[in-house]
>>> print(open('final05.tsv').read())   # TSV, C-alpha atoms
chain	number	residue	atom	x	y	z
A	430	MET	CA	-10.35	-27.20	-18.50
A	431	PRO	CA	-8.41	-23.97	-19.22
A	432	GLU	CA	-4.66	-23.94	-18.83
A	433	PHE	CA	-3.24	-21.63	-16.19
A	434	THR	CA	0.05	-19.83	-16.38
A	435	ALA	CA	3.04	-21.25	-14.57
A	436	SER	CA	4.09	-19.76	-11.25
A	437	THR	CA	5.17	-16.15	-11.55
A	438	THR	CA	6.82	-16.04	-8.12
A	439	PRO	CA	10.12	-18.00	-8.04
A	440	ALA	CA	10.33	-20.90	-5.60
A	441	GLU	CA	13.44	-19.43	-3.98
A	442	GLU	CA	11.54	-16.18	-3.35
A	443	ILE	CA	8.72	-17.98	-1.54
A	444	SER	CA	11.26	-20.07	0.38
A	445	ALA	CA	13.15	-16.99	1.62
A	446	ARG	CA	9.94	-15.28	2.73
A	447	THR	CA	8.80	-18.41	4.57
A	448	ALA	CA	12.15	-18.77	6.34
A	449	ALA	CA	12.05	-15.14	7.53
A	450	PHE	CA	8.52	-15.62	8.83
A	451	GLN	CA	9.40	-18.87	10.58
A	452	GLU	CA	12.11	-17.06	12.53
A	453	HIS	CA	9.37	-14.85	13.99
A	454	LEU	CA	7.20	-17.89	14.77
A	455	ARG	CA	9.99	-19.58	16.70
A	456	ARG	CA	10.91	-16.39	18.54
A	457	LEU	CA	7.28	-15.99	19.63
A	458	GLY	CA	7.04	-19.61	20.71
A	459	LEU	CA	4.37	-20.50	18.15
A	460	ASP	CA	3.92	-23.90	16.51
A	461	GLY	CA	2.71	-22.35	13.29
A	462	ALA	CA	0.46	-19.77	11.64
A	463	LEU	CA	-2.74	-20.16	9.61
A	464	LEU	CA	-3.08	-17.46	6.94
A	465	ALA	CA	-6.14	-16.61	4.84
A	466	GLN	CA	-5.96	-12.94	3.78
A	467	ASN	CA	-5.40	-12.42	0.04
A	468	ALA	CA	-2.22	-10.32	0.15
A	469	ASP	CA	-0.62	-12.62	2.73
A	470	LEU	CA	-1.62	-15.73	0.77
A	471	PHE	CA	-0.09	-14.30	-2.37
A	472	TYR	CA	3.09	-13.21	-0.58
A	473	PHE	CA	3.76	-16.58	1.07
A	474	SER	CA	2.36	-18.95	-1.58
A	475	GLY	CA	2.37	-17.14	-4.94
A	476	THR	CA	-1.40	-17.55	-5.39
A	477	LEU	CA	-4.47	-16.00	-3.82
A	478	GLN	CA	-7.00	-18.67	-4.61
A	479	GLN	CA	-9.55	-19.29	-1.83
A	480	ALA	CA	-7.36	-21.16	0.63
A	481	HIS	CA	-5.76	-21.53	4.04
A	482	LEU	CA	-1.98	-21.58	4.25
A	483	TYR	CA	-0.44	-23.30	7.27
A	484	VAL	CA	3.15	-22.25	7.93
A	485	PRO	CA	4.77	-24.43	10.61
A	486	ALA	CA	7.57	-23.05	12.73
A	487	GLU	CA	9.72	-25.80	11.21
A	488	GLY	CA	9.26	-27.55	7.89
A	489	GLU	CA	7.33	-26.96	4.69
A	490	PRO	CA	4.03	-25.03	4.49
A	491	VAL	CA	0.76	-26.64	3.47
A	492	LEU	CA	-1.64	-24.81	1.16
A	493	MET	CA	-5.21	-26.08	1.55
A	494	VAL	CA	-7.34	-24.86	-1.36
A	495	ARG	CA	-11.10	-24.64	-1.49
A	496	LYS	CA	-11.32	-22.87	-4.87
A	497	HIS	CA	-9.61	-23.26	-7.33
A	498	LEU	CA	-7.15	-26.13	-6.82
A	499	PRO	CA	-5.74	-26.55	-10.38
A	500	ARG	CA	-5.08	-22.82	-10.62
A	501	ALA	CA	-3.35	-22.73	-7.25
A	502	GLN	CA	-1.19	-25.69	-8.27
A	503	ALA	CA	-0.20	-23.90	-11.49
A	504	GLU	CA	0.55	-20.56	-9.81
A	505	SER	CA	2.27	-21.60	-6.58
A	506	PRO	CA	5.71	-23.23	-6.31
A	507	LEU	CA	4.82	-24.85	-2.97
A	508	ALA	CA	5.18	-28.63	-2.87
A	509	ARG	CA	2.30	-29.28	-0.47
A	510	ILE	CA	-0.94	-28.12	-2.13
A	511	VAL	CA	-4.11	-30.08	-1.36
A	512	SER	CA	-7.86	-29.81	-1.76
A	513	LEU	CA	-9.95	-28.48	1.14
A	514	ASP	CA	-13.71	-29.07	1.11
A	515	SER	CA	-14.26	-27.68	4.62
A	516	PRO	CA	-12.11	-26.05	7.31
A	517	LYS	CA	-13.08	-29.02	9.48
A	518	GLN	CA	-10.54	-31.02	7.47
A	519	ILE	CA	-7.59	-28.84	8.49
A	520	PRO	CA	-6.47	-30.89	11.56
A	521	ASN	CA	-6.54	-34.14	9.56
A	522	ILE	CA	-4.62	-32.56	6.67
A	523	LEU	CA	-1.91	-31.35	9.03
A	524	GLN	CA	-1.61	-34.78	10.59
A	525	ARG	CA	-1.34	-36.33	7.11
A	526	PHE	CA	1.83	-34.30	6.63
A	527	GLY	CA	3.20	-35.22	10.04
A	528	LEU	CA	2.30	-31.89	11.62
A	529	ALA	CA	0.81	-31.91	15.11
A	530	VAL	CA	-2.24	-29.83	15.90
A	531	PRO	CA	-0.68	-26.56	17.13
A	532	ALA	CA	-0.78	-25.68	20.80
A	533	ARG	CA	-0.08	-22.01	19.94
A	534	LEU	CA	-1.28	-20.75	16.58
A	535	GLY	CA	-0.63	-17.42	14.87
A	536	LEU	CA	-3.58	-15.73	13.12
A	537	GLU	CA	-3.98	-12.50	11.14
A	538	LEU	CA	-6.14	-10.94	13.85
A	539	ASP	CA	-5.89	-7.46	12.32
A	540	VAL	CA	-7.87	-8.58	9.26
A	541	LEU	CA	-9.47	-11.94	10.08
A	542	PRO	CA	-13.28	-11.66	10.34
A	543	ALA	CA	-14.65	-12.49	13.79
A	544	GLN	CA	-16.81	-15.26	12.37
A	545	ARG	CA	-13.77	-17.03	10.92
A	546	TYR	CA	-11.80	-16.52	14.11
A	547	LEU	CA	-14.56	-18.07	16.21
A	548	GLY	CA	-14.80	-20.94	13.74
A	549	ILE	CA	-11.07	-21.68	14.09
A	550	CYS	CA	-11.41	-21.52	17.88
A	551	ARG	CA	-14.20	-24.13	17.74
A	552	LEU	CA	-12.16	-26.26	15.34
A	553	LEU	CA	-9.07	-26.19	17.59
A	554	PRO	CA	-10.49	-25.85	21.11
A	555	GLY	CA	-7.23	-26.53	22.95
A	556	THR	CA	-5.13	-24.13	20.85
A	557	GLY	CA	-4.02	-20.69	21.99
A	558	MET	CA	-4.69	-18.08	19.30
A	559	ILE	CA	-2.02	-15.39	18.96
A	560	ASP	CA	-2.01	-12.29	16.74
A	561	ILE	CA	0.77	-12.74	14.17
A	562	SER	CA	-0.07	-9.73	11.99
A	563	ASP	CA	2.79	-7.55	13.22
A	564	ALA	CA	5.35	-10.25	12.37
A	565	ILE	CA	3.83	-10.71	8.90
A	566	ARG	CA	3.99	-6.99	8.22
A	567	ARG	CA	7.58	-6.74	9.42
A	568	VAL	CA	8.64	-9.53	7.05
A	569	ARG	CA	6.77	-7.94	4.16
A	570	ALA	CA	8.22	-4.49	4.91
A	571	VAL	CA	11.69	-5.49	3.64
A	572	LYS	CA	11.56	-6.05	-0.10
A	573	SER	CA	13.70	-8.50	-2.03
A	574	ALA	CA	15.43	-7.67	-5.31
A	575	TYR	CA	12.57	-9.47	-7.06
A	576	GLU	CA	9.96	-7.27	-5.37
A	577	ILE	CA	11.94	-4.08	-5.94
A	578	GLU	CA	12.02	-4.76	-9.67
A	579	LYS	CA	8.23	-5.19	-9.66
A	580	ILE	CA	7.79	-1.88	-7.84
A	581	GLN	CA	10.26	-0.17	-10.16
A	582	GLU	CA	8.21	-1.34	-13.14
A	583	ALA	CA	5.03	-0.02	-11.50
A	584	ALA	CA	6.84	3.31	-10.99
A	585	ARG	CA	7.96	3.46	-14.62
A	586	ARG	CA	4.39	2.94	-15.77
A	587	ALA	CA	3.14	5.51	-13.27
A	588	ASP	CA	5.54	8.06	-14.76
A	589	THR	CA	4.11	7.34	-18.21
A	590	VAL	CA	0.58	7.97	-16.94
A	591	LEU	CA	1.56	11.32	-15.42
A	592	ALA	CA	3.27	12.37	-18.64
A	593	ALA	CA	-0.02	11.77	-20.48
A	594	VAL	CA	-2.15	13.87	-18.10
A	595	PRO	CA	-1.63	17.30	-19.76
A	596	GLY	CA	-3.07	15.93	-22.98
A	597	LEU	CA	-6.15	14.70	-21.13
A	598	ILE	CA	-7.01	17.92	-19.29
A	599	GLU	CA	-9.44	20.41	-20.76
A	600	ALA	CA	-11.28	23.35	-19.24
A	601	ASN	CA	-14.65	22.55	-17.64
A	602	ILE	CA	-14.34	18.79	-17.94
A	603	SER	CA	-15.74	17.24	-14.77
A	604	GLU	CA	-13.29	15.86	-12.23
A	605	VAL	CA	-14.72	12.37	-12.56
A	606	ALA	CA	-14.57	12.47	-16.37
A	607	LEU	CA	-10.92	13.53	-16.24
A	608	ALA	CA	-10.26	10.79	-13.68
A	609	GLY	CA	-11.79	8.30	-16.09
A	610	ARG	CA	-9.43	9.39	-18.85
A	611	ILE	CA	-6.40	9.00	-16.61
A	612	GLU	CA	-7.57	5.64	-15.29
A	613	ALA	CA	-8.16	4.41	-18.84
A	614	GLU	CA	-4.57	5.35	-19.69
A	615	ALA	CA	-3.34	3.45	-16.64
A	616	ARG	CA	-5.42	0.42	-17.57
A	617	ARG	CA	-4.04	0.53	-21.12
A	618	LEU	CA	-0.55	0.35	-19.62
A	619	GLY	CA	-1.37	-2.76	-17.62
A	620	HIS	CA	-2.75	-1.45	-14.33
A	621	GLN	CA	-4.28	-4.45	-12.57
A	622	GLY	CA	-7.30	-2.45	-11.39
A	623	VAL	CA	-7.25	-3.60	-7.76
A	624	VAL	CA	-5.45	-1.41	-5.20
A	625	ARG	CA	-5.21	-3.36	-1.96
A	626	MET	CA	-5.24	-1.80	1.51
A	627	ARG	CA	-4.98	-3.62	4.82
A	628	LEU	CA	-6.75	-1.16	7.10
A	629	TRP	CA	-10.28	-2.33	7.84
A	630	GLY	CA	-12.84	-0.23	5.99
A	631	ALA	CA	-10.24	1.47	3.79
A	632	GLU	CA	-11.14	1.63	0.10
A	633	LEU	CA	-9.49	3.22	-2.91
A	634	PHE	CA	-10.19	3.20	-6.63
A	635	TYR	CA	-6.91	3.85	-8.49
A	636	GLY	CA	-6.35	7.03	-6.46
A	637	HIS	CA	-7.63	10.61	-6.28
A	638	LEU	CA	-8.23	13.24	-8.94
A	639	MET	CA	-9.49	16.45	-7.33
A	640	SER	CA	-9.26	20.15	-8.04
A	641	GLY	CA	-9.50	23.43	-6.20
A	642	ALA	CA	-11.54	23.56	-3.01
A	643	ASN	CA	-12.95	20.08	-3.68
A	644	ALA	CA	-9.51	18.55	-3.05
A	645	ALA	CA	-9.42	20.14	0.41
A	646	ALA	CA	-12.70	18.53	1.48
A	647	PRO	CA	-11.91	16.12	4.36
A	648	SER	CA	-13.12	12.53	4.41
A	649	PHE	CA	-12.99	9.31	6.45
A	650	LEU	CA	-9.95	8.03	4.55
A	651	ALA	CA	-6.59	7.79	6.34
A	652	SER	CA	-5.12	10.30	3.91
A	653	PRO	CA	-4.29	14.01	3.97
A	654	THR	CA	-6.76	14.48	1.09
A	655	GLY	CA	-10.30	13.23	0.77
A	656	GLY	CA	-12.33	15.04	-1.84
A	657	ARG	CA	-16.05	15.65	-2.29
A	658	GLY	CA	-16.59	12.46	-4.28
A	659	LEU	CA	-19.86	11.60	-5.98
A	660	GLY	CA	-21.90	11.35	-2.79
A	661	PRO	CA	-22.03	9.94	0.74
A	662	ALA	CA	-21.89	6.33	-0.49
A	663	VAL	CA	-18.22	6.86	-1.44
A	664	ALA	CA	-17.34	10.17	0.26
A	665	GLN	CA	-13.93	10.60	-1.36
A	666	GLY	CA	-12.27	11.27	-4.69
A	667	PRO	CA	-13.46	13.15	-7.79
A	668	SER	CA	-16.79	14.88	-8.09
A	669	LEU	CA	-18.99	16.09	-10.95
A	670	ALA	CA	-17.67	19.62	-10.49
A	671	PRO	CA	-15.81	21.13	-13.47
A	672	VAL	CA	-12.07	21.59	-13.63
A	673	VAL	CA	-11.37	25.30	-14.07
A	674	SER	CA	-8.31	27.45	-14.66
A	675	GLY	CA	-6.06	28.85	-11.98
A	676	VAL	CA	-6.64	26.18	-9.31
A	677	PRO	CA	-4.47	23.18	-8.36
A	678	ILE	CA	-5.48	19.87	-9.94
A	679	LEU	CA	-4.25	17.11	-7.68
A	680	VAL	CA	-3.46	13.78	-9.36
A	681	ASP	CA	-2.67	11.27	-6.60
A	682	TYR	CA	-2.60	7.87	-8.26
A	683	VAL	CA	-1.39	4.38	-7.46
A	684	PHE	CA	-0.05	2.17	-10.23
A	685	ALA	CA	-0.64	-1.51	-9.50
A	686	TYR	CA	1.48	-3.85	-11.60
A	687	ASP	CA	1.65	-7.63	-11.17
A	688	GLY	CA	0.53	-7.27	-7.57
A	689	TYR	CA	2.94	-4.46	-6.60
A	690	LEU	CA	2.24	-0.77	-6.12
A	691	SER	CA	3.88	2.59	-6.59
A	692	ASP	CA	2.34	5.81	-5.24
A	693	GLN	CA	2.79	9.25	-6.74
A	694	THR	CA	1.19	12.73	-6.62
A	695	ARG	CA	1.59	15.70	-8.95
A	696	ILE	CA	-0.09	19.07	-9.24
A	697	TYR	CA	-1.35	20.37	-12.59
A	698	VAL	CA	-3.01	23.67	-13.43
A	699	ILE	CA	-4.78	25.22	-16.38
A	700	GLY	CA	-2.84	28.46	-16.71
A	701	ARG	CA	-0.90	29.41	-13.59
A	702	LEU	CA	-1.35	29.07	-9.85
A	703	PRO	CA	-1.30	32.13	-7.59
A	704	ASP	CA	2.17	32.79	-6.21
A	705	PRO	CA	1.33	31.76	-2.60
A	706	LEU	CA	0.27	28.31	-3.77
A	707	GLN	CA	3.31	28.05	-6.01
A	708	ARG	CA	5.61	28.84	-3.06
A	709	ALA	CA	3.73	26.42	-0.84
A	710	HIS	CA	4.25	23.63	-3.35
A	711	GLU	CA	7.96	24.38	-3.60
A	712	ALA	CA	8.19	24.24	0.21
A	713	MET	CA	6.72	20.71	0.19
A	714	VAL	CA	9.20	19.60	-2.46
A	715	ALA	CA	11.99	20.97	-0.25
A	716	ILE	CA	10.67	19.01	2.75
A	717	GLN	CA	10.48	15.86	0.62
A	718	ASP	CA	14.10	16.28	-0.50
A	719	GLY	CA	15.32	16.90	3.03
A	720	LEU	CA	13.38	13.93	4.33
A	721	ALA	CA	14.80	11.69	1.61
A	722	GLU	CA	18.33	12.70	2.62
A	723	ARG	CA	17.59	11.53	6.17
A	724	MET	CA	15.83	8.32	5.19
A	725	ARG	CA	18.73	5.95	5.75
A	726	PRO	CA	19.12	2.59	7.48
A	727	GLY	CA	19.00	3.19	11.23
A	728	ALA	CA	16.73	6.22	11.05
A	729	VAL	CA	13.69	6.06	13.36
A	730	ALA	CA	10.32	6.53	11.67
A	731	GLY	CA	8.86	8.82	14.33
A	732	ASP	CA	11.95	11.03	14.34
A	733	LEU	CA	11.63	11.56	10.60
A	734	TYR	CA	8.01	12.59	11.05
A	735	GLY	CA	9.00	14.99	13.81
A	736	TRP	CA	11.62	16.57	11.55
A	737	CYS	CA	8.94	17.21	8.92
A	738	ILE	CA	6.60	18.80	11.45
A	739	ALA	CA	9.39	21.12	12.58
A	740	GLN	CA	10.27	22.05	9.00
A	741	ALA	CA	6.66	22.81	8.11
A	742	ALA	CA	6.41	25.07	11.16
A	743	ASN	CA	9.68	26.86	10.32
A	744	LEU	CA	8.37	27.52	6.82
A	745	GLY	CA	5.10	28.94	8.16
A	746	TYR	CA	2.81	26.06	7.18
A	747	ALA	CA	2.16	24.41	10.55
A	748	ASP	CA	-1.61	25.01	10.33
A	749	HIS	CA	-1.97	23.30	6.93
A	750	PHE	CA	0.63	20.51	6.89
A	751	MET	CA	-0.97	17.10	6.19
A	752	GLY	CA	-4.42	18.50	6.86
A	753	ALA	CA	-6.06	21.52	8.42
A	754	ALA	CA	-6.80	21.85	12.14
A	755	SER	CA	-8.37	18.71	13.61
A	756	ASP	CA	-8.46	17.00	10.21
A	757	ARG	CA	-4.68	16.63	10.18
A	758	ILE	CA	-3.29	13.10	9.81
A	759	ARG	CA	-0.24	12.12	11.86
A	760	PHE	CA	2.04	10.66	9.21
A	761	VAL	CA	4.07	11.88	6.26
A	762	GLY	CA	5.02	8.58	4.64
A	763	HIS	CA	3.94	4.96	4.42
A	764	GLY	CA	5.32	1.68	3.15
A	765	VAL	CA	4.10	0.30	-0.17
A	766	GLY	CA	4.29	-3.17	-1.66
A	767	LEU	CA	1.39	-5.52	-2.27
A	768	GLU	CA	-0.72	-3.15	-0.19
A	769	LEU	CA	-0.80	0.63	0.01
A	770	ASP	CA	-0.52	0.83	3.80
A	771	GLU	CA	2.45	-1.38	4.61
A	772	TYR	CA	5.14	-0.90	7.25
A	773	PRO	CA	6.88	1.38	7.99
A	774	PHE	CA	4.78	4.45	8.75
A	775	LEU	CA	6.67	7.72	9.13
A	776	ALA	CA	4.26	8.75	11.82
A	777	GLU	CA	3.98	10.30	15.23
A	778	GLY	CA	5.31	8.00	17.94
A	779	GLN	CA	6.52	5.24	15.60
A	780	ASN	CA	9.78	3.68	16.80
A	781	MET	CA	10.40	1.33	13.87
A	782	THR	CA	13.93	1.60	12.54
A	783	LEU	CA	14.42	1.83	8.80
A	784	VAL	CA	16.42	-0.93	7.13
A	785	GLU	CA	17.72	-1.46	3.63
A	786	GLY	CA	15.04	-2.78	1.28
A	787	MET	CA	12.08	-0.85	2.67
A	788	VAL	CA	9.98	0.98	0.08
A	789	ILE	CA	8.26	4.14	1.32
A	790	ALA	CA	5.97	6.72	-0.26
A	791	LEU	CA	6.77	10.22	1.02
A	792	GLU	CA	3.87	12.64	0.70
A	793	PRO	CA	4.31	16.09	2.29
A	794	LYS	CA	1.20	18.08	1.37
A	795	LEU	CA	-0.55	21.28	2.36
A	796	ILE	CA	-4.33	21.52	2.60
A	797	PHE	CA	-5.94	24.95	2.32
A	798	PRO	CA	-9.71	24.70	3.00
A	799	GLY	CA	-11.73	26.60	0.41
A	800	THR	CA	-8.70	26.87	-1.88
A	801	GLY	CA	-7.07	23.54	-2.66
A	802	VAL	CA	-4.13	21.23	-2.10
A	803	VAL	CA	-0.48	21.41	-3.15
A	804	GLY	CA	2.41	19.09	-2.43
A	805	ILE	CA	4.20	16.06	-3.69
A	806	GLU	CA	4.43	12.29	-3.37
A	807	ASN	CA	7.04	9.86	-4.64
A	808	THR	CA	7.98	6.27	-3.94
A	809	TRP	CA	11.49	5.72	-2.53
A	810	LEU	CA	13.71	2.73	-1.80
A	811	VAL	CA	15.88	2.67	1.34
A	812	THR	CA	19.39	1.55	0.37
A	813	GLY	CA	22.68	1.31	2.19
A	814	ASN	CA	23.66	4.58	0.51
A	815	GLY	CA	20.44	6.41	1.38
A	816	ALA	CA	17.06	6.74	-0.28
A	817	ARG	CA	16.73	6.10	-4.02
A	818	ARG	CA	13.79	7.57	-5.84
A	819	LEU	CA	11.73	5.16	-7.95
A	820	THR	CA	9.06	7.51	-9.41
A	821	ARG	CA	10.88	9.93	-11.68
A	822	PHE	CA	8.34	12.33	-13.22
A	823	PRO	CA	9.42	15.94	-12.43
A	824	ASP	CA	8.13	17.44	-9.18
A	825	ALA	CA	7.31	20.92	-10.46
A	826	ILE	CA	3.73	22.05	-11.00
A	827	VAL	CA	2.70	21.28	-14.59
A	828	SER	CA	0.96	24.15	-16.38
A	829	VAL	CA	-1.44	23.15	-19.16
>>> encode(input="final05.tsv", output="structure tokens")
Amino acid sequence: MPEFTASTTPAEEISARTAAFQEHLRRLGLDGALLAQNADLFYFSGTLQQAHLYVPAEGEPVLMVRKHLPRAQAESPLARIVSLDSPKQIPNILQRFGLAVPARLGLELDVLPAQRYLGICRLLPGTGMIDISDAIRRVRAVKSAYEIEKIQEAARRADTVLAAVPGLIEANISEVALAGRIEAEARRLGHQGVVRMRLWGAELFYGHLMSGANAAAPSFLASPTGGRGLGPAVAQGPSLAPVVSGVPILVDYVFAYDGYLSDQTRIYVIGRLPDPLQRAHEAMVAIQDGLAERMRPGAVAGDLYGWCIAQAANLGYADHFMGAASDRIRFVGHGVGLELDEYPFLAEGQNMTLVEGMVIALEPKLIFPGTGVVGIENTWLVTGNGARRLTRFPDAIVSV
């Protein structure tokens, strides 16, 4: 039997997260919540082995593990970790720990497959099933000092990757070959490989490397950029087209370190960009800086988005900001943590108020169909003194 590493998430960290979540459970009148999604399992237990985690409104959680129990016991600081051969055992396990079968149960209904949901309904026929996903995401939106250090380390490694990019670019290399070089550098620096997203159907492999008109090709992804990709089976990201001089090369990459993410975009060019694209990029950097100045505790997410829309219009870029025409997305920033699409979203109509400890990727970009993409993205921490930037590589276009 191999030995597994000791828990990497401190017990006091898990305890604080659980307590914050239990406040939501009590406020909503729930007896408990049953969690099964990987990111949520990891956040509340310190392991993402195949399991169900029951968090009661009062008392200690119970982690019921189907595969692999010894690893879960080594990785998680929870005291109650037991074997689970079948979900049918869940009621008996709860009773063993003195927990009544819940009358009102919280479930991750934004991500829980319908088959599993129906199975839980059959297992607990008298229980009311309530969506608890919003409460989970609100708890996870506010990062602890422990989490912030993880994200800072991801950002430091992301900066190192971007610094290496000029040495990896060469004329006429294919987009996908250049992407492979960058991804290999990230992997060498400890990138975990998996970039998690919560939105159903959303997929991402490290990030996007796209150049020229290919970068402006729209796709299904909830992102201002899509890319031609390698075909309809993926429909996003780098293509086999060559990277040529005089066009923007967009490097929009996520660094995933020890579970936590940072998100960053830079523009490179072989030679020099035409002046209109250069000015457009500088306008996006200016919007980013102005947005960061306003990103303080108490600011309303939708108001920040509205300010960006107004600024883009004042600068003459209304028709290209965050997409062209009907392909425009309605956000300019998103939370990052264990997943790439966490709360808060700086988006149209969002009334969430920013609080200290939120980590947000700001990404004002301009999409010019047939020409390319310019703009910027950095990961920022909301503090009591305003936003603090975590990704530090310079914002200017890098000429190779």
>>> residues_near_point(input="final05.tsv", point="(-5.5, 15.4, -21.2)", cutoff="12 Å", atoms="all atoms listed in the file", output="list in words")
Val590, Leu591, Ala592, Ala593, Val594, Pro595, Gly596, Leu597, Ile598, Glu599, Ala600, Ile602, Glu604, Ala606, Leu607, Ala608, Gly609, Arg610, Ile611, Glu612, Ala613, Glu614, Val672, Tyr697, Val698, Ile699, Ser828 and Val829 of chain A
>>> write_last_selection(input="final05.tsv", atoms="C-alpha atoms", output="CSV table (one decimal), in the coordinates of the input")
chain,number,residue,atom,x,y,z
A,590,VAL,CA,0.6,8.0,-16.9
A,591,LEU,CA,1.6,11.3,-15.4
A,592,ALA,CA,3.3,12.4,-18.6
A,593,ALA,CA,0.0,11.8,-20.5
A,594,VAL,CA,-2.2,13.9,-18.1
A,595,PRO,CA,-1.6,17.3,-19.8
A,596,GLY,CA,-3.1,15.9,-23.0
A,597,LEU,CA,-6.2,14.7,-21.1
A,598,ILE,CA,-7.0,17.9,-19.3
A,599,GLU,CA,-9.4,20.4,-20.8
A,600,ALA,CA,-11.3,23.4,-19.2
A,602,ILE,CA,-14.3,18.8,-17.9
A,604,GLU,CA,-13.3,15.9,-12.2
A,606,ALA,CA,-14.6,12.5,-16.4
A,607,LEU,CA,-10.9,13.5,-16.2
A,608,ALA,CA,-10.3,10.8,-13.7
A,609,GLY,CA,-11.8,8.3,-16.1
A,610,ARG,CA,-9.4,9.4,-18.8
A,611,ILE,CA,-6.4,9.0,-16.6
A,612,GLU,CA,-7.6,5.6,-15.3
A,613,ALA,CA,-8.2,4.4,-18.8
A,614,GLU,CA,-4.6,5.4,-19.7
A,672,VAL,CA,-12.1,21.6,-13.6
A,697,TYR,CA,-1.4,20.4,-12.6
A,698,VAL,CA,-3.0,23.7,-13.4
A,699,ILE,CA,-4.8,25.2,-16.4
A,828,SER,CA,1.0,24.2,-16.4
A,829,VAL,CA,-1.4,23.2,-19.2
>>> atom_distance(input="final05.tsv", atom1="CA of Arg455 (chain A)", atom2="CA of Thr438 (chain A)")
25.3 Å
>>> closest_residue(input="final05.tsv", among="A:Ala816, A:Val784, A:Ile789, A:Val673", to="Glu722 (chain A)", atoms="all atoms listed in the file")
A:Ala816
>>> atom_distance(input="final05.tsv", atom1="CA of Pro647 (chain A)", atom2="CA of Pro798 (chain A)")
9.0 Å
>>> closest_residue(input="final05.tsv", among="A:Ala503, A:Val568, A:Leu720, A:Leu464", to="Leu541 (chain A)", atoms="only C-alpha atoms")
A:Leu464
>>> build_atoms(input="final05.tsv", residues="region 718-731 of chain A", atoms="N, CA and C atoms", output="short mmCIF file (atom, residue, chain, number, x, y, z; two decimals), in the frame of the given file")
data_model
loop_
_atom_site.label_atom_id
_atom_site.label_comp_id
_atom_site.auth_asym_id
_atom_site.auth_seq_id
_atom_site.Cartn_x
_atom_site.Cartn_y
_atom_site.Cartn_z
N ASP A 718 12.68 16.51 -0.20
CA ASP A 718 14.10 16.28 -0.50
C ASP A 718 14.92 16.16 0.77
N GLY A 719 14.61 17.00 1.76
CA GLY A 719 15.32 16.90 3.03
C GLY A 719 15.02 15.62 3.77
N LEU A 720 13.77 15.19 3.70
CA LEU A 720 13.38 13.93 4.33
C LEU A 720 14.09 12.76 3.67
N ALA A 721 14.14 12.78 2.34
CA ALA A 721 14.80 11.69 1.61
C ALA A 721 16.28 11.59 1.98
N GLU A 722 16.93 12.72 2.21
CA GLU A 722 18.33 12.70 2.62
C GLU A 722 18.52 12.02 3.97
N ARG A 723 17.51 12.10 4.82
CA ARG A 723 17.59 11.53 6.17
C ARG A 723 17.06 10.10 6.25
N MET A 724 16.48 9.63 5.19
CA MET A 724 15.83 8.32 5.19
C MET A 724 16.85 7.23 4.87
N ARG A 725 17.64 6.91 5.88
CA ARG A 725 18.73 5.95 5.75
C ARG A 725 18.54 4.80 6.73
N PRO A 726 19.19 3.66 6.50
CA PRO A 726 19.12 2.59 7.48
C PRO A 726 19.53 3.10 8.87
N GLY A 727 18.74 2.75 9.87
CA GLY A 727 19.00 3.19 11.23
C GLY A 727 18.16 4.37 11.65
N ALA A 728 17.60 5.11 10.70
CA ALA A 728 16.73 6.22 11.05
C ALA A 728 15.45 5.70 11.69
N VAL A 729 14.91 6.45 12.65
CA VAL A 729 13.69 6.06 13.36
C VAL A 729 12.51 6.76 12.72
N ALA A 730 11.46 6.00 12.42
CA ALA A 730 10.32 6.53 11.67
C ALA A 730 9.71 7.76 12.34
N GLY A 731 9.48 7.69 13.64
CA GLY A 731 8.86 8.82 14.33
C GLY A 731 9.73 10.06 14.34
#
